[in-house]
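This is structure-v2.cif (mmCIF, C-alpha atoms).
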```cif
data_model
#
loop_
_atom_site.label_atom_id
_atom_site.label_comp_id
_atom_site.auth_asym_id
_atom_site.auth_seq_id
_atom_site.Cartn_x
_atom_site.Cartn_y
_atom_site.Cartn_z
CA MET X 1 -163.64 -190.37 77.90
CA ILE X 2 -160.28 -192.05 78.51
CA GLN X 3 -158.62 -188.64 78.75
CA LEU X 4 -161.22 -187.54 81.31
CA LEU X 5 -160.31 -190.54 83.43
CA PHE X 6 -156.64 -189.77 82.76
CA LEU X 7 -156.99 -186.24 84.13
CA SER X 8 -158.86 -187.40 87.21
CA VAL X 9 -156.16 -190.01 87.92
CA LEU X 10 -153.63 -187.22 87.80
CA ALA X 11 -155.80 -185.29 90.25
CA CYS X 12 -155.53 -182.19 88.13
CA SER X 13 -157.86 -179.40 89.09
CA PRO X 14 -159.27 -177.02 86.49
CA GLN X 15 -156.80 -174.47 87.88
CA ASP X 16 -153.84 -176.88 87.27
CA LEU X 17 -155.05 -177.56 83.76
CA CYS X 18 -155.35 -173.85 82.96
CA GLU X 19 -151.93 -173.06 84.42
CA GLU X 20 -150.38 -175.71 82.17
CA LEU X 21 -152.22 -174.36 79.14
CA ARG X 22 -151.06 -170.86 80.00
CA GLU X 23 -147.47 -172.13 80.03
CA ILE X 24 -147.68 -173.51 76.48
CA ARG X 25 -150.21 -171.09 74.95
CA SER X 26 -150.10 -167.81 76.80
CA PHE X 27 -153.15 -165.75 77.61
CA PRO X 28 -153.59 -162.83 80.03
CA ALA X 29 -153.84 -163.65 83.73
CA ASP X 30 -157.25 -161.99 83.95
CA ARG X 31 -158.63 -164.70 81.64
CA MET X 32 -157.67 -167.53 83.99
CA GLU X 33 -161.17 -167.46 85.52
CA THR X 34 -162.67 -168.05 82.07
CA CYS X 35 -160.33 -170.98 81.48
CA VAL X 36 -161.28 -172.55 84.82
CA ARG X 37 -164.99 -172.10 83.99
CA VAL X 38 -164.49 -173.79 80.60
CA ALA X 39 -162.81 -176.77 82.33
CA GLU X 40 -165.66 -176.99 84.84
CA VAL X 41 -168.30 -176.87 82.10
CA ALA X 42 -166.44 -179.59 80.21
CA ASP X 43 -166.81 -181.81 83.26
CA ILE X 44 -170.54 -181.00 83.46
CA TRP X 45 -171.05 -182.06 79.83
CA GLY X 46 -168.75 -185.11 80.04
CA ILE X 47 -166.14 -183.60 77.72
CA ASP X 48 -162.41 -183.94 78.26
CA PRO X 49 -161.53 -180.62 79.97
CA ALA X 50 -158.14 -180.47 78.22
CA LEU X 51 -159.85 -180.67 74.83
CA LEU X 52 -162.42 -177.99 75.61
CA VAL X 53 -159.90 -175.53 77.08
CA SER X 54 -157.68 -176.10 74.03
CA THR X 55 -160.70 -175.29 71.88
CA ALA X 56 -161.46 -172.13 73.87
CA TRP X 57 -157.88 -170.97 73.52
CA HIS X 58 -158.00 -171.34 69.74
CA GLU X 59 -161.46 -169.79 69.50
CA SER X 60 -160.85 -166.67 71.58
CA ARG X 61 -157.62 -166.90 73.60
CA MET X 62 -159.94 -167.36 76.63
CA ASN X 63 -161.69 -164.06 76.01
CA ASN X 64 -165.29 -164.48 77.15
CA ARG X 65 -166.12 -161.03 75.75
CA ALA X 66 -164.93 -161.87 72.24
CA VAL X 67 -167.33 -161.24 69.35
CA SER X 68 -166.52 -162.43 65.83
CA ARG X 69 -167.52 -160.82 62.54
CA SER X 70 -170.14 -163.54 62.13
CA GLY X 71 -171.65 -162.74 65.53
CA ALA X 72 -170.21 -165.68 67.49
CA VAL X 73 -169.62 -164.71 71.12
CA GLY X 74 -167.78 -165.82 74.22
CA ALA X 75 -164.73 -167.93 74.91
CA LEU X 76 -166.11 -170.82 72.86
CA GLN X 77 -167.52 -168.56 70.10
CA VAL X 78 -171.11 -169.77 69.95
CA LEU X 79 -173.78 -168.23 67.75
CA PRO X 80 -176.44 -166.97 70.16
CA LYS X 81 -179.23 -167.05 67.56
CA TRP X 82 -178.74 -170.82 67.19
CA TRP X 83 -177.94 -171.80 70.74
CA CYS X 84 -179.75 -169.25 72.93
CA GLY X 85 -182.64 -167.97 70.85
CA SER X 86 -183.67 -164.51 71.95
CA GLN X 87 -182.82 -165.09 75.62
CA PRO X 88 -179.54 -164.24 77.35
CA CYS X 89 -177.43 -167.28 78.13
CA ASP X 90 -174.15 -168.47 79.62
CA TYR X 91 -171.97 -168.70 76.52
CA ILE X 92 -169.47 -171.07 78.11
CA TYR X 93 -172.19 -173.50 79.20
CA VAL X 94 -173.87 -173.28 75.79
CA GLY X 95 -170.48 -173.83 74.12
CA GLY X 96 -170.17 -177.08 76.07
CA ARG X 97 -173.63 -178.11 74.88
CA ALA X 98 -172.72 -177.26 71.27
CA PHE X 99 -169.48 -179.24 71.54
CA THR X 100 -171.43 -182.23 72.90
CA LYS X 101 -173.87 -182.03 69.98
CA TRP X 102 -171.08 -181.99 67.40
CA ARG X 103 -169.29 -184.82 69.21
CA ALA X 104 -172.41 -187.01 69.04
CA ARG X 105 -172.73 -186.24 65.34
CA ALA X 106 -169.05 -187.05 64.72
CA ALA X 107 -169.38 -190.35 66.60
CA ARG X 108 -172.45 -191.33 64.53
CA LYS X 109 -171.19 -190.16 61.17
CA HIS X 110 -167.44 -190.74 61.17
CA ARG X 111 -166.65 -193.35 63.86
CA LYS X 112 -162.89 -192.70 63.52
CA ARG X 113 -160.88 -189.66 64.58
CA ILE X 114 -163.88 -188.44 66.56
CA ASP X 115 -162.00 -185.57 68.21
CA PHE X 116 -160.86 -184.34 64.79
CA TRP X 117 -164.34 -184.49 63.29
CA THR X 118 -165.93 -182.95 66.39
CA LEU X 119 -163.62 -179.95 66.10
CA ALA X 120 -164.08 -179.68 62.33
CA HIS X 121 -167.88 -179.62 62.71
CA TYR X 122 -167.68 -177.29 65.72
CA ASN X 123 -165.76 -174.84 63.57
CA GLY X 124 -167.40 -175.40 60.19
CA GLY X 125 -170.93 -176.60 60.90
CA ASN X 126 -172.64 -179.37 58.97
CA VAL X 127 -170.18 -179.40 56.06
CA PRO X 128 -166.71 -178.50 57.31
CA GLY X 129 -164.09 -177.56 54.71
CA ASN X 130 -160.32 -177.24 54.51
CA ARG X 131 -160.22 -174.26 56.88
CA SER X 132 -162.09 -176.28 59.51
CA PHE X 133 -159.79 -179.27 59.02
CA GLY X 134 -156.77 -177.03 59.61
CA TYR X 135 -158.45 -175.59 62.70
CA ALA X 136 -159.11 -179.10 64.05
CA GLU X 137 -155.46 -180.08 63.59
CA LYS X 138 -154.26 -176.93 65.41
CA VAL X 139 -156.55 -177.56 68.38
CA LEU X 140 -155.47 -181.21 68.54
CA ARG X 141 -151.79 -180.19 68.57
CA THR X 142 -152.43 -177.93 71.57
CA TYR X 143 -154.51 -180.65 73.24
CA LYS X 144 -151.82 -183.31 72.82
CA MET X 145 -149.12 -180.94 74.04
CA LEU X 146 -151.24 -180.18 77.10
CA LEU X 147 -151.80 -183.88 77.84
CA ARG X 148 -148.06 -184.56 77.58
CA ARG X 149 -147.31 -181.79 80.08
CA LEU X 150 -149.97 -183.05 82.45
CA SER X 151 -148.68 -186.62 82.24
CA ARG X 152 -145.29 -185.47 83.57
CA LYS X 153 -147.00 -184.65 86.84
CA CYS X 154 -148.26 -188.22 87.18
CA ASN X 155 -147.17 -190.05 90.32
CA VAL X 156 -149.20 -193.17 89.57
CA PRO X 157 -147.19 -196.30 88.58
CA GLY X 158 -147.64 -197.16 84.92
CA CYS X 159 -148.33 -193.62 83.72
#
```
In structure tokens, what does this structure look like?
Amino acid sequence: MIQLLFLSVLACSPQDLCEELREIRSFPADRMETCVRVAEVADIWGIDPALLVSTAWHESRMNNRAVSRSGAVGALQVLPKWWCGSQPCDYIYVGGRAFTKWRARAARKHRKRIDFWTLAHYNGGNVPGNRSFGYAEKVLRTYKMLLRRLSRKCNVPGC
């Protein structure tokens, strides 16, 4: 939540955020719209936009048409059978909802390193393993790098 306030103090738009991410972790220009949508959905769900766009980059490189071997789809790689049932859905919006669910679980269960545990559960489900822990660390590295770049644009005293 502090990072969300941090980004709003910087007056960064979803477009600004995505342009910075594209500088440090490249993705094709035609996926910029997906990145902006992920940042907007993060705001809807009360998630730090920088964290969710970092997640989307690691999940699919901002490819909203991505489909994994396990059947996960969209930029945030959600499993439609769990999150949408038999109805079509907006995979980015549903990814935000899934992230929020795992964040609440991490806050209840772990109480420390909530971002790390959120990402580990998002990737690995109820019982994340070593692969999910590595994934969480990679996403957090991108996230922290993105926050550092955004902080350089700060014109507010004390930033």
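Here CA of Met32 (chain X) stands at a distance of 22.0 Å from CA of Ala98 (chain X).
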- Note on the structure: Min atom-atom distance to Gly96 (chain X) from the set X:Val127, X:Leu76, X:Leu17, X:Met62, counting all atoms listed in the file, belongs to X:Leu76
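Non-sequential neighbours of Gln15 (chain X) (distance at most 9 Å, separation of 4 or more positions within a chain, all atoms listed in the file) are Glu19, Glu20, Met32, Glu33, Cys35, Val36 and Ala39 of chain X.
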Dump C-alpha atoms for the selected residues as a PDB file, in the coordinates of the input?
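The result, written out as again-v7.pdb:
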```pdb
ATOM      1  CA  GLU X  19    -151.930-173.060  84.420  1.00  0.00           C
ATOM      2  CA  GLU X  20    -150.380-175.710  82.170  1.00  0.00           C
ATOM      3  CA  MET X  32    -157.670-167.530  83.990  1.00  0.00           C
ATOM      4  CA  GLU X  33    -161.170-167.460  85.520  1.00  0.00           C
ATOM      5  CA  CYS X  35    -160.330-170.980  81.480  1.00  0.00           C
ATOM      6  CA  VAL X  36    -161.280-172.550  84.820  1.00  0.00           C
ATOM      7  CA  ALA X  39    -162.810-176.770  82.330  1.00  0.00           C
TER       8      ALA X  39
END
```
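Put simply, CA of Glu137 (chain X) is 23.1 Å away from CA of Val94 (chain X).
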So that I can see what lies close to Ala106 (chain X), please list as a CSV table (one decimal) with C-alpha atoms, in the frame of the given file the residues with an atom at most 12 Å from it, counting only C-alpha atoms and leaving out residues fewer than 3 positions away in the same chain.
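File out_9.csv, as written:
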```csv
chain,number,residue,atom,x,y,z
X,99,PHE,CA,-169.5,-179.2,71.5
X,100,THR,CA,-171.4,-182.2,72.9
X,101,LYS,CA,-173.9,-182.0,70.0
X,102,TRP,CA,-171.1,-182.0,67.4
X,103,ARG,CA,-169.3,-184.8,69.2
X,109,LYS,CA,-171.2,-190.2,61.2
X,110,HIS,CA,-167.4,-190.7,61.2
X,111,ARG,CA,-166.6,-193.4,63.9
X,112,LYS,CA,-162.9,-192.7,63.5
X,113,ARG,CA,-160.9,-189.7,64.6
X,114,ILE,CA,-163.9,-188.4,66.6
X,115,ASP,CA,-162.0,-185.6,68.2
X,116,PHE,CA,-160.9,-184.3,64.8
X,117,TRP,CA,-164.3,-184.5,63.3
X,118,THR,CA,-165.9,-183.0,66.4
X,119,LEU,CA,-163.6,-180.0,66.1
X,120,ALA,CA,-164.1,-179.7,62.3
X,121,HIS,CA,-167.9,-179.6,62.7
X,122,TYR,CA,-167.7,-177.3,65.7
X,125,GLY,CA,-170.9,-176.6,60.9
X,126,ASN,CA,-172.6,-179.4,59.0
X,127,VAL,CA,-170.2,-179.4,56.1
X,128,PRO,CA,-166.7,-178.5,57.3
```
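For the atom pair formed by CA of Ile92 (chain X) and CA of Val38 (chain X), the distance is 6.2 Å, given to one decimal.
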Tell me which residues come within 10 Å of (-173.4, -168.8, 78.0), as a PDB file with C-alpha atoms, in the frame of the given file, counting all atoms listed in the file in the file's coordinates.
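Output file result-v9.pdb is given in full below:
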```pdb
ATOM      1  CA  ASN X  64    -165.290-164.480  77.150  1.00  0.00           C
ATOM      2  CA  VAL X  73    -169.620-164.710  71.120  1.00  0.00           C
ATOM      3  CA  GLY X  74    -167.780-165.820  74.220  1.00  0.00           C
ATOM      4  CA  ALA X  75    -164.730-167.930  74.910  1.00  0.00           C
ATOM      5  CA  LEU X  76    -166.110-170.820  72.860  1.00  0.00           C
ATOM      6  CA  GLN X  77    -167.520-168.560  70.100  1.00  0.00           C
ATOM      7  CA  VAL X  78    -171.110-169.770  69.950  1.00  0.00           C
ATOM      8  CA  PRO X  80    -176.440-166.970  70.160  1.00  0.00           C
ATOM      9  CA  TRP X  83    -177.940-171.800  70.740  1.00  0.00           C
ATOM     10  CA  CYS X  84    -179.750-169.250  72.930  1.00  0.00           C
ATOM     11  CA  PRO X  88    -179.540-164.240  77.350  1.00  0.00           C
ATOM     12  CA  CYS X  89    -177.430-167.280  78.130  1.00  0.00           C
ATOM     13  CA  ASP X  90    -174.150-168.470  79.620  1.00  0.00           C
ATOM     14  CA  TYR X  91    -171.970-168.700  76.520  1.00  0.00           C
ATOM     15  CA  ILE X  92    -169.470-171.070  78.110  1.00  0.00           C
ATOM     16  CA  TYR X  93    -172.190-173.500  79.200  1.00  0.00           C
ATOM     17  CA  VAL X  94    -173.870-173.280  75.790  1.00  0.00           C
ATOM     18  CA  GLY X  95    -170.480-173.830  74.120  1.00  0.00           C
ATOM     19  CA  GLY X  96    -170.170-177.080  76.070  1.00  0.00           C
ATOM     20  CA  ARG X  97    -173.630-178.110  74.880  1.00  0.00           C
TER      21      ARG X  97
END
```
